[in-house]
There are 2 protein chains.
Amino acid sequence: MAREPDNSLKLEEFLPYRLSVLSNTVSSAIAAAYAERFELSVPEWRVLAILGRYPGLSAGEVAGRAAMDKVAVSRAVTRLLEAGRINRRFANADRRRSILELSAKGRAVHAKVTPVARYYERALLEGLSATERKHFDQLLDKLLRRAYALGPATPPSRKTIRSVS
Amino acid sequence: MAREPDNSLKLEEFLPYRLSVLSNTVSSAIAAAYAERFELSVPEWRVLAILGRYPGLSAGEVAGRAAMDKVAVSRAVTRLLEAGRINRRFANADRRRSILELSAKGRAVHAKVTPVARYYERALLEGLSATERKHFDQLLDKLLRRAYALGPATPPSRKTIRSVS
DNA sequence: AACCGTTAGTTACATTTGCAACTAGTGTAG
DNA sequence: CTACACTAGTTGCAAATGTAACTAACGGTT
């Protein structure tokens, strides 16, 4: 009699699950650290970080660099504008294209938040040796590329198999 | 004249950011793979996975094992009940405590989804050697423990420094 | 037995998010 | 110069999520 395969999955060992838990734990920890203190959400922080480094980008370019979708960027930009943390003008050549940069206020917040972020990152990596960090870094990169390449999970393709019966 | 430190942060190299991108990419890829096909959300899938392996848990225990909060579990359970994918009774000893297990229908879905999940995980890890996988595994664990331990990001504590004026 | 602090799970409400439709501006073809 | 297809960014609506308040059931304590 054919033996049943163990089709149950140990969630605690399932990579996507573990990644999700780690990512959420880390993100919410950092978010908590600056959320109320600076009245700043994660998307806003990302936009701020990007603009801190690359001033003058358009919303779309920010979206590209921050791996955010354009709606998220649009909303973050709206709030940052309301808070007077960024300035926006529009390109003469193409009046749809926005040109974004930090305002003085924005730079001030940016300057305060960045160290907190860095600090948390360092604290997190504290337990790892230099080589471990490098490995982890490279592995993350590999997985990231792989994940992009895979896109929507392609299942085992039953079709090729069930043709038998 | 004191040199300004570069306080801008390269998002693409920032660990929390990279983790978040990886996790989101992976999760949404898998979710997409079973979402419409099985009418199953991520929280529901988690509950299903847990109950597939540990039948008879209470909602709270599921929450513990799946690192979900109890509200999320409650909602997932409601839907799974509506779909007839799990059965629920209540403990005689303590009539608040629920006892959950997969129904036949639930087991059927579980049996179909699990391979998809496994498949995606394997596909993701394809590019990594056995040692790399082991390393990544261990590093993930370390970071996870560390992240839990850190909790809310404690900032550099200006106080100890700015005493200088 | 009536009271109180606690726990399991649910519900209500306020945000956040994600998707699709929409507006406005551009450029190219006729 | 009009029409059409396309891009940048916004908005509206519905579903997902988080927080806090709530209900019901317990487990003692008096």
# chains A, B, ... in the order shown; residues from 1 in each chain; ligands from 1
>>> residues_around(residues="DA15 (chain D)", least_positions_apart="3", cutoff="12 Å", atoms="only C-alpha atoms (C1' of nucleotides)", output="JSON, numbers by chain")
{"B": [41], "C": [16, 17, 18, 19]}
>>> write_last_selection(atoms="N, CA and C atoms (P, O5', C5', C4', C3', O3' and C1' of nucleotides)", output="short mmCIF file (atom, residue, chain, number, x, y, z; two decimals), in the first residue's frame")
data_model
loop_
_atom_site.label_atom_id
_atom_site.label_comp_id
_atom_site.auth_asym_id
_atom_site.auth_seq_id
_atom_site.Cartn_x
_atom_site.Cartn_y
_atom_site.Cartn_z
N SER B 41 -6.45 33.69 1.65
CA SER B 41 -5.56 34.80 1.95
C SER B 41 -4.36 34.28 2.73
P DT C 16 -2.91 56.23 8.87
"O5'" DT C 16 -2.81 54.92 7.95
"C5'" DT C 16 -2.74 53.66 8.58
"C4'" DT C 16 -2.57 52.55 7.55
"C3'" DT C 16 -1.76 52.93 6.31
"O3'" DT C 16 -0.87 51.86 6.09
"C1'" DT C 16 -3.84 52.05 5.65
P DT C 17 0.12 51.80 4.83
"O5'" DT C 17 -0.76 51.03 3.75
"C5'" DT C 17 -0.88 49.60 3.85
"C4'" DT C 17 -1.63 49.08 2.64
"C3'" DT C 17 -1.02 49.51 1.32
"O3'" DT C 17 -0.30 48.42 0.75
"C1'" DT C 17 -3.42 49.72 1.36
P DG C 18 -0.38 47.84 -0.61
"O5'" DG C 18 -1.95 47.78 -0.96
"C5'" DG C 18 -2.63 46.53 -1.00
"C4'" DG C 18 -3.43 46.44 -2.29
"C3'" DG C 18 -2.61 46.62 -3.57
"O3'" DG C 18 -3.14 45.70 -4.52
"C1'" DG C 18 -4.24 48.35 -3.41
P DC C 19 -2.70 45.63 -5.99
"O5'" DC C 19 -4.01 46.16 -6.72
"C5'" DC C 19 -5.30 45.64 -6.34
"C4'" DC C 19 -6.36 46.33 -7.18
"C3'" DC C 19 -5.97 46.55 -8.63
"O3'" DC C 19 -7.06 46.14 -9.45
"C1'" DC C 19 -6.58 48.63 -7.64
#
>>> calpha_fit_and_write(fixed="chain A", moving="chain B", output="compact mmCIF listing (two decimals) with N, CA and C atoms, in the first residue's frame")
# COMPACT_ATOMS: atom_id res chain seq x y z
N MET B 1 1.01 -1.14 -0.25
CA MET B 1 0.14 0.05 -0.20
C MET B 1 0.96 1.34 -0.18
N ALA B 2 0.62 2.21 -1.10
CA ALA B 2 1.42 3.46 -1.23
C ALA B 2 1.38 4.28 0.06
N ARG B 3 2.54 4.76 0.44
CA ARG B 3 2.63 5.57 1.66
C ARG B 3 2.26 7.02 1.37
N GLU B 4 1.47 7.61 2.26
CA GLU B 4 1.12 9.03 2.12
C GLU B 4 2.36 9.88 2.30
N PRO B 5 2.57 10.86 1.44
CA PRO B 5 3.68 11.77 1.69
C PRO B 5 3.24 12.73 2.81
N ASP B 6 4.17 13.19 3.59
CA ASP B 6 3.78 14.16 4.62
C ASP B 6 3.55 15.50 3.93
N ASN B 7 2.29 15.82 3.76
CA ASN B 7 2.01 17.05 3.05
C ASN B 7 1.85 18.24 3.99
N SER B 8 2.07 18.01 5.27
CA SER B 8 1.96 19.15 6.16
C SER B 8 3.27 19.90 6.19
N LEU B 9 3.15 21.19 6.37
CA LEU B 9 4.32 22.05 6.22
C LEU B 9 4.62 22.73 7.54
N LYS B 10 5.87 22.71 7.92
CA LYS B 10 6.23 23.32 9.19
C LYS B 10 6.44 24.82 8.96
N LEU B 11 5.48 25.57 9.36
CA LEU B 11 5.51 27.00 9.10
C LEU B 11 6.79 27.65 9.62
N GLU B 12 7.20 27.26 10.79
CA GLU B 12 8.38 27.88 11.40
C GLU B 12 9.64 27.67 10.57
N GLU B 13 9.59 26.74 9.64
CA GLU B 13 10.77 26.48 8.83
C GLU B 13 10.58 26.96 7.40
N PHE B 14 9.43 27.48 7.16
CA PHE B 14 9.09 27.88 5.79
C PHE B 14 9.69 29.27 5.52
N LEU B 15 10.54 29.33 4.52
CA LEU B 15 11.31 30.54 4.28
C LEU B 15 10.46 31.81 4.13
N PRO B 16 9.46 31.79 3.27
CA PRO B 16 8.67 33.01 3.12
C PRO B 16 8.09 33.47 4.44
N TYR B 17 7.65 32.53 5.23
CA TYR B 17 7.10 32.88 6.53
C TYR B 17 8.15 33.52 7.42
N ARG B 18 9.30 32.93 7.46
CA ARG B 18 10.35 33.47 8.32
C ARG B 18 10.79 34.85 7.86
N LEU B 19 10.88 35.00 6.58
CA LEU B 19 11.24 36.31 6.06
C LEU B 19 10.21 37.34 6.48
N SER B 20 8.98 36.97 6.35
CA SER B 20 7.91 37.89 6.69
C SER B 20 7.96 38.28 8.17
N VAL B 21 8.18 37.29 9.03
CA VAL B 21 8.24 37.60 10.45
C VAL B 21 9.43 38.52 10.75
N LEU B 22 10.56 38.17 10.19
CA LEU B 22 11.73 39.02 10.44
C LEU B 22 11.50 40.43 9.95
N SER B 23 11.06 40.52 8.71
CA SER B 23 10.84 41.83 8.12
C SER B 23 9.84 42.66 8.94
N ASN B 24 8.75 42.03 9.34
CA ASN B 24 7.75 42.76 10.12
C ASN B 24 8.29 43.19 11.47
N THR B 25 8.98 42.29 12.11
CA THR B 25 9.52 42.63 13.43
C THR B 25 10.46 43.83 13.31
N VAL B 26 11.36 43.72 12.37
CA VAL B 26 12.33 44.80 12.18
C VAL B 26 11.65 46.11 11.80
N SER B 27 10.81 46.04 10.79
CA SER B 27 10.16 47.26 10.32
C SER B 27 9.35 47.93 11.40
N SER B 28 8.58 47.12 12.13
CA SER B 28 7.72 47.79 13.10
C SER B 28 8.54 48.34 14.26
N ALA B 29 9.65 47.68 14.55
CA ALA B 29 10.50 48.23 15.61
C ALA B 29 11.02 49.60 15.20
N ILE B 30 11.54 49.69 14.00
CA ILE B 30 12.07 50.98 13.56
C ILE B 30 10.95 52.00 13.44
N ALA B 31 9.86 51.57 12.82
CA ALA B 31 8.74 52.49 12.64
C ALA B 31 8.33 53.06 13.98
N ALA B 32 8.22 52.17 14.98
CA ALA B 32 7.82 52.63 16.31
C ALA B 32 8.79 53.69 16.82
N ALA B 33 10.04 53.50 16.48
CA ALA B 33 11.06 54.42 17.00
C ALA B 33 10.91 55.84 16.46
N TYR B 34 10.43 55.98 15.25
CA TYR B 34 10.31 57.35 14.76
C TYR B 34 8.89 57.80 14.47
N ALA B 35 7.96 56.85 14.47
CA ALA B 35 6.59 57.19 14.10
C ALA B 35 6.03 58.37 14.90
N GLU B 36 5.90 58.19 16.22
CA GLU B 36 5.29 59.29 16.98
C GLU B 36 6.27 60.43 17.16
N ARG B 37 7.53 60.06 17.34
CA ARG B 37 8.49 61.12 17.62
C ARG B 37 8.57 62.15 16.50
N PHE B 38 8.49 61.65 15.26
CA PHE B 38 8.62 62.58 14.14
C PHE B 38 7.38 62.67 13.28
N GLU B 39 6.34 61.97 13.71
CA GLU B 39 5.12 62.00 12.89
C GLU B 39 5.46 61.60 11.46
N LEU B 40 6.02 60.40 11.35
CA LEU B 40 6.55 59.97 10.06
C LEU B 40 6.19 58.50 9.83
N SER B 41 5.54 58.21 8.72
CA SER B 41 5.21 56.83 8.41
C SER B 41 6.35 56.20 7.60
N VAL B 42 6.28 54.90 7.44
CA VAL B 42 7.33 54.22 6.68
C VAL B 42 7.42 54.74 5.25
N PRO B 43 6.32 54.82 4.52
CA PRO B 43 6.44 55.35 3.16
C PRO B 43 7.05 56.75 3.14
N GLU B 44 6.62 57.58 4.08
CA GLU B 44 7.19 58.93 4.12
C GLU B 44 8.68 58.89 4.39
N TRP B 45 9.07 58.04 5.30
CA TRP B 45 10.48 57.92 5.61
C TRP B 45 11.26 57.45 4.37
N ARG B 46 10.69 56.57 3.62
CA ARG B 46 11.40 56.10 2.43
C ARG B 46 11.60 57.22 1.43
N VAL B 47 10.54 57.96 1.22
CA VAL B 47 10.64 59.07 0.27
C VAL B 47 11.68 60.07 0.76
N LEU B 48 11.62 60.34 2.03
CA LEU B 48 12.57 61.27 2.63
C LEU B 48 14.00 60.78 2.42
N ALA B 49 14.20 59.50 2.66
CA ALA B 49 15.54 58.93 2.53
C ALA B 49 16.04 59.04 1.10
N ILE B 50 15.16 58.71 0.17
CA ILE B 50 15.55 58.78 -1.23
C ILE B 50 15.89 60.21 -1.62
N LEU B 51 15.03 61.13 -1.24
CA LEU B 51 15.27 62.52 -1.64
C LEU B 51 16.48 63.11 -0.92
N GLY B 52 16.77 62.60 0.25
CA GLY B 52 17.96 63.06 0.96
C GLY B 52 19.20 62.73 0.16
N ARG B 53 19.14 61.62 -0.50
CA ARG B 53 20.30 61.19 -1.25
C ARG B 53 20.27 61.64 -2.71
N TYR B 54 19.09 61.64 -3.27
CA TYR B 54 18.97 62.04 -4.68
C TYR B 54 17.96 63.16 -4.84
N PRO B 55 18.36 64.38 -4.57
CA PRO B 55 17.41 65.48 -4.64
C PRO B 55 17.02 65.71 -6.09
N GLY B 56 15.81 66.17 -6.28
CA GLY B 56 15.40 66.55 -7.62
C GLY B 56 14.73 65.46 -8.42
N LEU B 57 14.55 64.30 -7.81
CA LEU B 57 13.86 63.23 -8.53
C LEU B 57 12.39 63.56 -8.70
N SER B 58 11.80 62.90 -9.68
CA SER B 58 10.35 63.00 -9.84
C SER B 58 9.69 61.94 -8.98
N ALA B 59 8.39 62.05 -8.81
CA ALA B 59 7.67 61.06 -8.01
C ALA B 59 7.89 59.65 -8.57
N GLY B 60 7.82 59.53 -9.85
CA GLY B 60 7.99 58.24 -10.48
C GLY B 60 9.38 57.65 -10.22
N GLU B 61 10.37 58.51 -10.28
CA GLU B 61 11.73 58.04 -10.03
C GLU B 61 11.88 57.61 -8.58
N VAL B 62 11.26 58.35 -7.70
CA VAL B 62 11.29 57.96 -6.29
C VAL B 62 10.67 56.57 -6.15
N ALA B 63 9.54 56.40 -6.80
CA ALA B 63 8.86 55.12 -6.74
C ALA B 63 9.78 54.00 -7.19
N GLY B 64 10.48 54.24 -8.28
CA GLY B 64 11.40 53.24 -8.80
C GLY B 64 12.48 52.90 -7.78
N ARG B 65 13.11 53.91 -7.24
CA ARG B 65 14.22 53.70 -6.32
C ARG B 65 13.78 53.09 -5.00
N ALA B 66 12.58 53.43 -4.57
CA ALA B 66 12.15 52.96 -3.25
C ALA B 66 11.32 51.69 -3.34
N ALA B 67 11.17 51.17 -4.56
CA ALA B 67 10.34 49.98 -4.75
C ALA B 67 8.96 50.18 -4.14
N MET B 68 8.44 51.38 -4.31
CA MET B 68 7.08 51.66 -3.84
C MET B 68 6.23 51.85 -5.08
N ASP B 69 4.92 51.70 -4.93
CA ASP B 69 4.14 51.99 -6.11
C ASP B 69 3.78 53.46 -6.13
N LYS B 70 3.38 53.92 -7.30
CA LYS B 70 3.25 55.35 -7.47
C LYS B 70 2.16 55.96 -6.60
N VAL B 71 1.16 55.19 -6.29
CA VAL B 71 0.11 55.71 -5.42
C VAL B 71 0.66 55.97 -4.02
N ALA B 72 1.42 55.03 -3.54
CA ALA B 72 2.02 55.19 -2.21
C ALA B 72 2.91 56.43 -2.19
N VAL B 73 3.67 56.60 -3.24
CA VAL B 73 4.55 57.77 -3.31
C VAL B 73 3.71 59.04 -3.34
N SER B 74 2.70 59.03 -4.16
CA SER B 74 1.84 60.21 -4.26
C SER B 74 1.31 60.59 -2.89
N ARG B 75 0.85 59.62 -2.14
CA ARG B 75 0.28 59.93 -0.84
C ARG B 75 1.35 60.41 0.14
N ALA B 76 2.47 59.77 0.11
CA ALA B 76 3.55 60.19 1.00
C ALA B 76 3.96 61.62 0.66
N VAL B 77 4.07 61.89 -0.63
CA VAL B 77 4.47 63.23 -1.07
C VAL B 77 3.45 64.26 -0.60
N THR B 78 2.18 63.94 -0.74
CA THR B 78 1.15 64.87 -0.27
C THR B 78 1.36 65.24 1.19
N ARG B 79 1.58 64.23 2.00
CA ARG B 79 1.76 64.49 3.43
C ARG B 79 3.03 65.26 3.72
N LEU B 80 4.08 64.88 3.03
CA LEU B 80 5.34 65.59 3.26
C LEU B 80 5.22 67.05 2.84
N LEU B 81 4.48 67.29 1.78
CA LEU B 81 4.24 68.67 1.34
C LEU B 81 3.46 69.42 2.41
N GLU B 82 2.39 68.78 2.89
CA GLU B 82 1.56 69.41 3.91
C GLU B 82 2.39 69.77 5.14
N ALA B 83 3.31 68.88 5.46
CA ALA B 83 4.14 69.11 6.64
C ALA B 83 5.29 70.07 6.33
N GLY B 84 5.37 70.50 5.08
CA GLY B 84 6.44 71.43 4.71
C GLY B 84 7.82 70.80 4.73
N ARG B 85 7.86 69.48 4.51
CA ARG B 85 9.15 68.80 4.58
C ARG B 85 9.82 68.62 3.23
N ILE B 86 9.06 68.80 2.18
CA ILE B 86 9.67 68.78 0.85
C ILE B 86 9.11 69.93 0.03
N ASN B 87 9.85 70.30 -1.02
CA ASN B 87 9.35 71.28 -1.98
C ASN B 87 9.11 70.58 -3.29
N ARG B 88 8.15 71.09 -4.01
CA ARG B 88 7.86 70.49 -5.31
C ARG B 88 7.72 71.59 -6.36
N ARG B 89 8.38 71.38 -7.48
CA ARG B 89 8.03 72.22 -8.63
C ARG B 89 7.86 71.28 -9.80
N PHE B 90 7.56 71.84 -10.96
CA PHE B 90 7.33 70.98 -12.10
C PHE B 90 8.28 71.35 -13.23
N ALA B 91 8.70 70.36 -13.96
CA ALA B 91 9.68 70.60 -15.03
C ALA B 91 9.08 71.46 -16.13
N ASN B 92 9.85 72.40 -16.63
CA ASN B 92 9.37 73.24 -17.72
C ASN B 92 9.15 72.42 -18.98
N ALA B 93 10.09 71.55 -19.21
CA ALA B 93 10.04 70.73 -20.42
C ALA B 93 8.78 69.85 -20.43
N ASP B 94 8.42 69.35 -19.27
CA ASP B 94 7.27 68.46 -19.18
C ASP B 94 6.54 68.77 -17.88
N ARG B 95 5.47 69.50 -18.00
CA ARG B 95 4.85 70.02 -16.78
C ARG B 95 4.10 68.97 -15.96
N ARG B 96 4.16 67.73 -16.41
CA ARG B 96 3.58 66.68 -15.56
C ARG B 96 4.62 66.21 -14.56
N ARG B 97 5.84 66.23 -14.99
CA ARG B 97 6.95 65.69 -14.20
C ARG B 97 7.26 66.58 -13.00
N SER B 98 7.20 65.99 -11.83
CA SER B 98 7.48 66.78 -10.62
C SER B 98 8.97 66.72 -10.30
N ILE B 99 9.41 67.75 -9.60
CA ILE B 99 10.81 67.79 -9.17
C ILE B 99 10.77 68.00 -7.67
N LEU B 100 11.25 66.99 -6.97
CA LEU B 100 11.09 66.99 -5.51
C LEU B 100 12.42 67.17 -4.81
N GLU B 101 12.39 67.90 -3.72
CA GLU B 101 13.59 67.96 -2.88
C GLU B 101 13.21 68.31 -1.45
N LEU B 102 14.11 67.99 -0.56
CA LEU B 102 13.85 68.26 0.85
C LEU B 102 13.87 69.76 1.10
N SER B 103 13.01 70.22 1.96
CA SER B 103 13.08 71.60 2.44
C SER B 103 14.01 71.61 3.64
N ALA B 104 14.24 72.77 4.20
CA ALA B 104 15.08 72.86 5.39
C ALA B 104 14.50 71.97 6.49
N LYS B 105 13.20 72.09 6.66
CA LYS B 105 12.51 71.29 7.67
C LYS B 105 12.72 69.80 7.39
N GLY B 106 12.59 69.45 6.11
CA GLY B 106 12.75 68.07 5.71
C GLY B 106 14.16 67.57 6.01
N ARG B 107 15.13 68.41 5.72
CA ARG B 107 16.51 68.02 5.99
C ARG B 107 16.73 67.81 7.48
N ALA B 108 16.09 68.64 8.25
CA ALA B 108 16.23 68.52 9.70
C ALA B 108 15.71 67.16 10.19
N VAL B 109 14.52 66.83 9.73
CA VAL B 109 13.95 65.54 10.13
C VAL B 109 14.84 64.41 9.64
N HIS B 110 15.20 64.51 8.40
CA HIS B 110 16.04 63.50 7.78
C HIS B 110 17.30 63.29 8.62
N ALA B 111 17.89 64.37 9.04
CA ALA B 111 19.12 64.30 9.82
C ALA B 111 18.90 63.65 11.18
N LYS B 112 17.69 63.74 11.66
CA LYS B 112 17.42 63.12 12.96
C LYS B 112 17.05 61.66 12.83
N VAL B 113 16.35 61.34 11.76
CA VAL B 113 15.87 59.97 11.61
C VAL B 113 16.98 59.02 11.16
N THR B 114 17.78 59.49 10.23
CA THR B 114 18.82 58.62 9.68
C THR B 114 19.65 57.92 10.75
N PRO B 115 20.14 58.64 11.74
CA PRO B 115 20.95 57.95 12.76
C PRO B 115 20.16 56.88 13.49
N VAL B 116 18.90 57.13 13.73
CA VAL B 116 18.08 56.12 14.41
C VAL B 116 18.03 54.86 13.56
N ALA B 117 17.81 55.04 12.27
CA ALA B 117 17.75 53.91 11.36
C ALA B 117 19.08 53.17 11.34
N ARG B 118 20.13 53.91 11.16
CA ARG B 118 21.46 53.30 11.16
C ARG B 118 21.72 52.56 12.45
N TYR B 119 21.36 53.20 13.52
CA TYR B 119 21.59 52.61 14.83
C TYR B 119 20.90 51.25 14.93
N TYR B 120 19.66 51.23 14.52
CA TYR B 120 18.92 49.97 14.63
C TYR B 120 19.55 48.90 13.74
N GLU B 121 19.95 49.30 12.57
CA GLU B 121 20.58 48.34 11.67
C GLU B 121 21.84 47.77 12.31
N ARG B 122 22.63 48.63 12.88
CA ARG B 122 23.86 48.15 13.50
C ARG B 122 23.56 47.23 14.66
N ALA B 123 22.58 47.64 15.46
CA ALA B 123 22.21 46.82 16.61
C ALA B 123 21.79 45.43 16.16
N LEU B 124 21.08 45.40 15.07
CA LEU B 124 20.60 44.14 14.55
C LEU B 124 21.75 43.25 14.09
N LEU B 125 22.72 43.87 13.47
CA LEU B 125 23.83 43.11 12.91
C LEU B 125 24.93 42.84 13.93
N GLU B 126 24.76 43.41 15.07
CA GLU B 126 25.74 43.28 16.15
C GLU B 126 26.27 41.86 16.31
N GLY B 127 25.33 40.91 16.38
CA GLY B 127 25.71 39.55 16.68
C GLY B 127 26.45 38.84 15.56
N LEU B 128 26.50 39.46 14.38
CA LEU B 128 27.11 38.79 13.24
C LEU B 128 28.56 39.24 13.02
N SER B 129 29.38 38.28 12.64
CA SER B 129 30.76 38.63 12.31
C SER B 129 30.79 39.32 10.96
N ALA B 130 31.93 39.92 10.65
CA ALA B 130 32.06 40.63 9.38
C ALA B 130 31.78 39.71 8.20
N THR B 131 32.30 38.51 8.26
CA THR B 131 32.07 37.57 7.16
C THR B 131 30.61 37.18 7.07
N GLU B 132 30.03 36.95 8.22
CA GLU B 132 28.61 36.58 8.22
C GLU B 132 27.78 37.68 7.56
N ARG B 133 28.10 38.89 7.91
CA ARG B 133 27.35 40.00 7.32
C ARG B 133 27.48 40.01 5.81
N LYS B 134 28.71 39.81 5.37
CA LYS B 134 28.94 39.84 3.93
C LYS B 134 28.14 38.72 3.27
N HIS B 135 28.22 37.55 3.86
CA HIS B 135 27.47 36.43 3.31
C HIS B 135 25.98 36.74 3.24
N PHE B 136 25.49 37.21 4.36
CA PHE B 136 24.06 37.48 4.42
C PHE B 136 23.67 38.47 3.33
N ASP B 137 24.49 39.48 3.20
CA ASP B 137 24.28 40.48 2.17
C ASP B 137 24.18 39.86 0.79
N GLN B 138 25.14 39.04 0.49
CA GLN B 138 25.16 38.43 -0.83
C GLN B 138 23.98 37.50 -1.04
N LEU B 139 23.68 36.75 0.00
CA LEU B 139 22.57 35.82 -0.11
C LEU B 139 21.26 36.58 -0.31
N LEU B 140 21.11 37.64 0.45
CA LEU B 140 19.91 38.46 0.28
C LEU B 140 19.80 38.92 -1.17
N ASP B 141 20.90 39.38 -1.71
CA ASP B 141 20.90 39.85 -3.10
C ASP B 141 20.48 38.75 -4.05
N LYS B 142 21.09 37.62 -3.87
CA LYS B 142 20.75 36.50 -4.74
C LYS B 142 19.27 36.20 -4.70
N LEU B 143 18.76 36.10 -3.47
CA LEU B 143 17.35 35.75 -3.30
C LEU B 143 16.45 36.82 -3.91
N LEU B 144 16.86 38.05 -3.72
CA LEU B 144 16.06 39.14 -4.25
C LEU B 144 15.97 39.06 -5.76
N ARG B 145 17.09 38.86 -6.38
CA ARG B 145 17.09 38.74 -7.84
C ARG B 145 16.23 37.56 -8.27
N ARG B 146 16.44 36.47 -7.57
CA ARG B 146 15.69 35.26 -7.88
C ARG B 146 14.18 35.50 -7.72
N ALA B 147 13.83 36.14 -6.65
CA ALA B 147 12.41 36.40 -6.40
C ALA B 147 11.80 37.24 -7.51
N TYR B 148 12.53 38.26 -7.92
CA TYR B 148 12.04 39.09 -9.02
C TYR B 148 11.84 38.23 -10.26
N ALA B 149 12.85 37.43 -10.54
CA ALA B 149 12.82 36.60 -11.73
C ALA B 149 11.64 35.63 -11.71
N LEU B 150 11.38 35.07 -10.56
CA LEU B 150 10.30 34.08 -10.45
C LEU B 150 8.94 34.69 -10.69
N GLY B 151 8.77 35.88 -10.14
CA GLY B 151 7.46 36.51 -10.27
C GLY B 151 6.41 35.63 -9.65
N PRO B 152 5.20 35.71 -10.18
CA PRO B 152 4.12 34.90 -9.65
C PRO B 152 4.52 33.44 -9.62
N ALA B 153 4.33 32.82 -8.47
CA ALA B 153 4.75 31.43 -8.29
C ALA B 153 4.13 30.52 -9.33
N THR B 154 4.98 29.90 -10.08
CA THR B 154 4.50 28.94 -11.06
C THR B 154 4.40 27.60 -10.36
N PRO B 155 3.23 27.02 -10.37
CA PRO B 155 3.06 25.75 -9.67
C PRO B 155 3.68 24.61 -10.46
N PRO B 156 3.80 23.48 -9.82
CA PRO B 156 4.46 22.31 -10.40
C PRO B 156 3.92 21.86 -11.75
N SER B 157 2.90 22.54 -12.21
CA SER B 157 2.32 22.17 -13.50
C SER B 157 1.91 20.70 -13.54
N ARG B 158 0.87 20.41 -12.79
CA ARG B 158 0.23 19.09 -12.77
C ARG B 158 0.19 18.43 -14.14
N LYS B 159 -0.15 19.25 -15.10
CA LYS B 159 -0.43 18.72 -16.45
C LYS B 159 0.62 17.74 -16.94
N THR B 160 1.87 18.16 -16.83
CA THR B 160 2.93 17.30 -17.35
C THR B 160 2.97 15.96 -16.64
N ILE B 161 2.41 15.94 -15.44
CA ILE B 161 2.48 14.72 -14.65
C ILE B 161 1.22 13.86 -14.80
N ARG B 162 0.10 14.52 -14.65
CA ARG B 162 -1.12 13.73 -14.55
C ARG B 162 -1.54 13.07 -15.86
N SER B 163 -0.76 13.33 -16.90
CA SER B 163 -1.08 12.69 -18.18
C SER B 163 -1.13 11.17 -18.02
N VAL B 164 -0.43 10.68 -17.03
CA VAL B 164 -0.38 9.26 -16.79
C VAL B 164 -1.77 8.70 -16.43
N SER B 165 -2.50 9.60 -15.78
CA SER B 165 -3.81 9.23 -15.23
C SER B 165 -3.59 8.70 -13.83
>>> interface_residues(of="chain C", to="chain A", cutoff="8 Å", atoms="only C-alpha atoms (C1' of nucleotides)", output="ChimeraX atom specification")
/C:24-26
>>> write_last_selection(atoms="C-alpha atoms (C1' of nucleotides)", output="tab-separated table (two decimals), in the first residue's frame")
chain	number	residue	atom	x	y	z
C	24	DA	C1'	-3.95	66.51	-17.29
C	25	DG	C1'	-0.09	67.06	-20.26
C	26	DT	C1'	2.73	65.22	-24.20
>>> closest_residue(among="D:DT23, D:DT11, D:DT2, D:DT30", to="DA21 (chain C)", atoms="only C-alpha atoms (C1' of nucleotides)")
D:DT11
>>> closest_atom_pairs(of="chain D", to="chain A", cutoff="10 Å", atoms="only C-alpha atoms (C1' of nucleotides)", output="Markdown table")
| residue | atom | partner | partner_atom | distance |
| --- | --- | --- | --- | --- |
| D:DT7 | C1' | A:Arg96 | CA | 8.8 |
| D:DA8 | C1' | A:Arg96 | CA | 5.5 |
| D:DG9 | C1' | A:Ser74 | CA | 7.1 |
| D:DT10 | C1' | A:Ser74 | CA | 7.4 |
| D:DT11 | C1' | A:Val71 | CA | 9.9 |
>>> write_last_selection(atoms="N, CA and C atoms (P, O5', C5', C4', C3', O3' and C1' of nucleotides)", output="short mmCIF file (atom, residue, chain, number, x, y, z; two decimals), in the first residue's frame")
data_model
loop_
_atom_site.label_atom_id
_atom_site.label_comp_id
_atom_site.auth_asym_id
_atom_site.auth_seq_id
_atom_site.Cartn_x
_atom_site.Cartn_y
_atom_site.Cartn_z
P DT D 7 3.54 54.64 -22.32
"O5'" DT D 7 3.78 55.88 -21.36
"C5'" DT D 7 4.69 56.89 -21.73
"C4'" DT D 7 4.55 58.01 -20.74
"C3'" DT D 7 4.68 57.56 -19.29
"O3'" DT D 7 5.62 58.40 -18.64
"C1'" DT D 7 2.71 58.80 -19.59
P DA D 8 5.89 58.22 -17.07
"O5'" DA D 8 5.05 59.42 -16.44
"C5'" DA D 8 5.52 60.74 -16.61
"C4'" DA D 8 4.88 61.63 -15.57
"C3'" DA D 8 5.02 61.12 -14.14
"O3'" DA D 8 5.35 62.22 -13.29
"C1'" DA D 8 2.72 61.26 -14.74
P DG D 9 5.65 61.97 -11.75
"O5'" DG D 9 4.18 62.09 -11.18
"C5'" DG D 9 3.49 63.34 -11.37
"C4'" DG D 9 2.05 63.18 -10.93
"C3'" DG D 9 1.83 62.70 -9.50
"O3'" DG D 9 1.22 63.77 -8.79
"C1'" DG D 9 0.34 61.67 -11.02
P DT D 10 0.69 63.63 -7.31
"O5'" DT D 10 -0.88 63.35 -7.53
"C5'" DT D 10 -1.61 64.26 -8.33
"C4'" DT D 10 -3.09 63.89 -8.30
"C3'" DT D 10 -3.69 63.68 -6.90
"O3'" DT D 10 -4.89 64.43 -6.87
"C1'" DT D 10 -4.16 61.82 -8.29
P DT D 11 -5.72 64.57 -5.51
"O5'" DT D 11 -6.94 63.54 -5.74
"C5'" DT D 11 -7.64 63.60 -6.97
"C4'" DT D 11 -8.72 62.53 -6.98
"C3'" DT D 11 -9.38 62.25 -5.63
"O3'" DT D 11 -10.74 61.93 -5.89
"C1'" DT D 11 -8.46 60.27 -6.44
#
>>> select_by_dssp(residues="chain B", states="helix (DSSP H, G or I)", output="ChimeraX atom specification")
/B:11-13,15-38,42-53,59-66,70-82,104-125,130-150,158-162
>>> select_by_dssp(residues="region 43-158 of chain B", states="strand (DSSP E or B)", output="PyMOL selection string")
chain B and resi 86-90+98-102
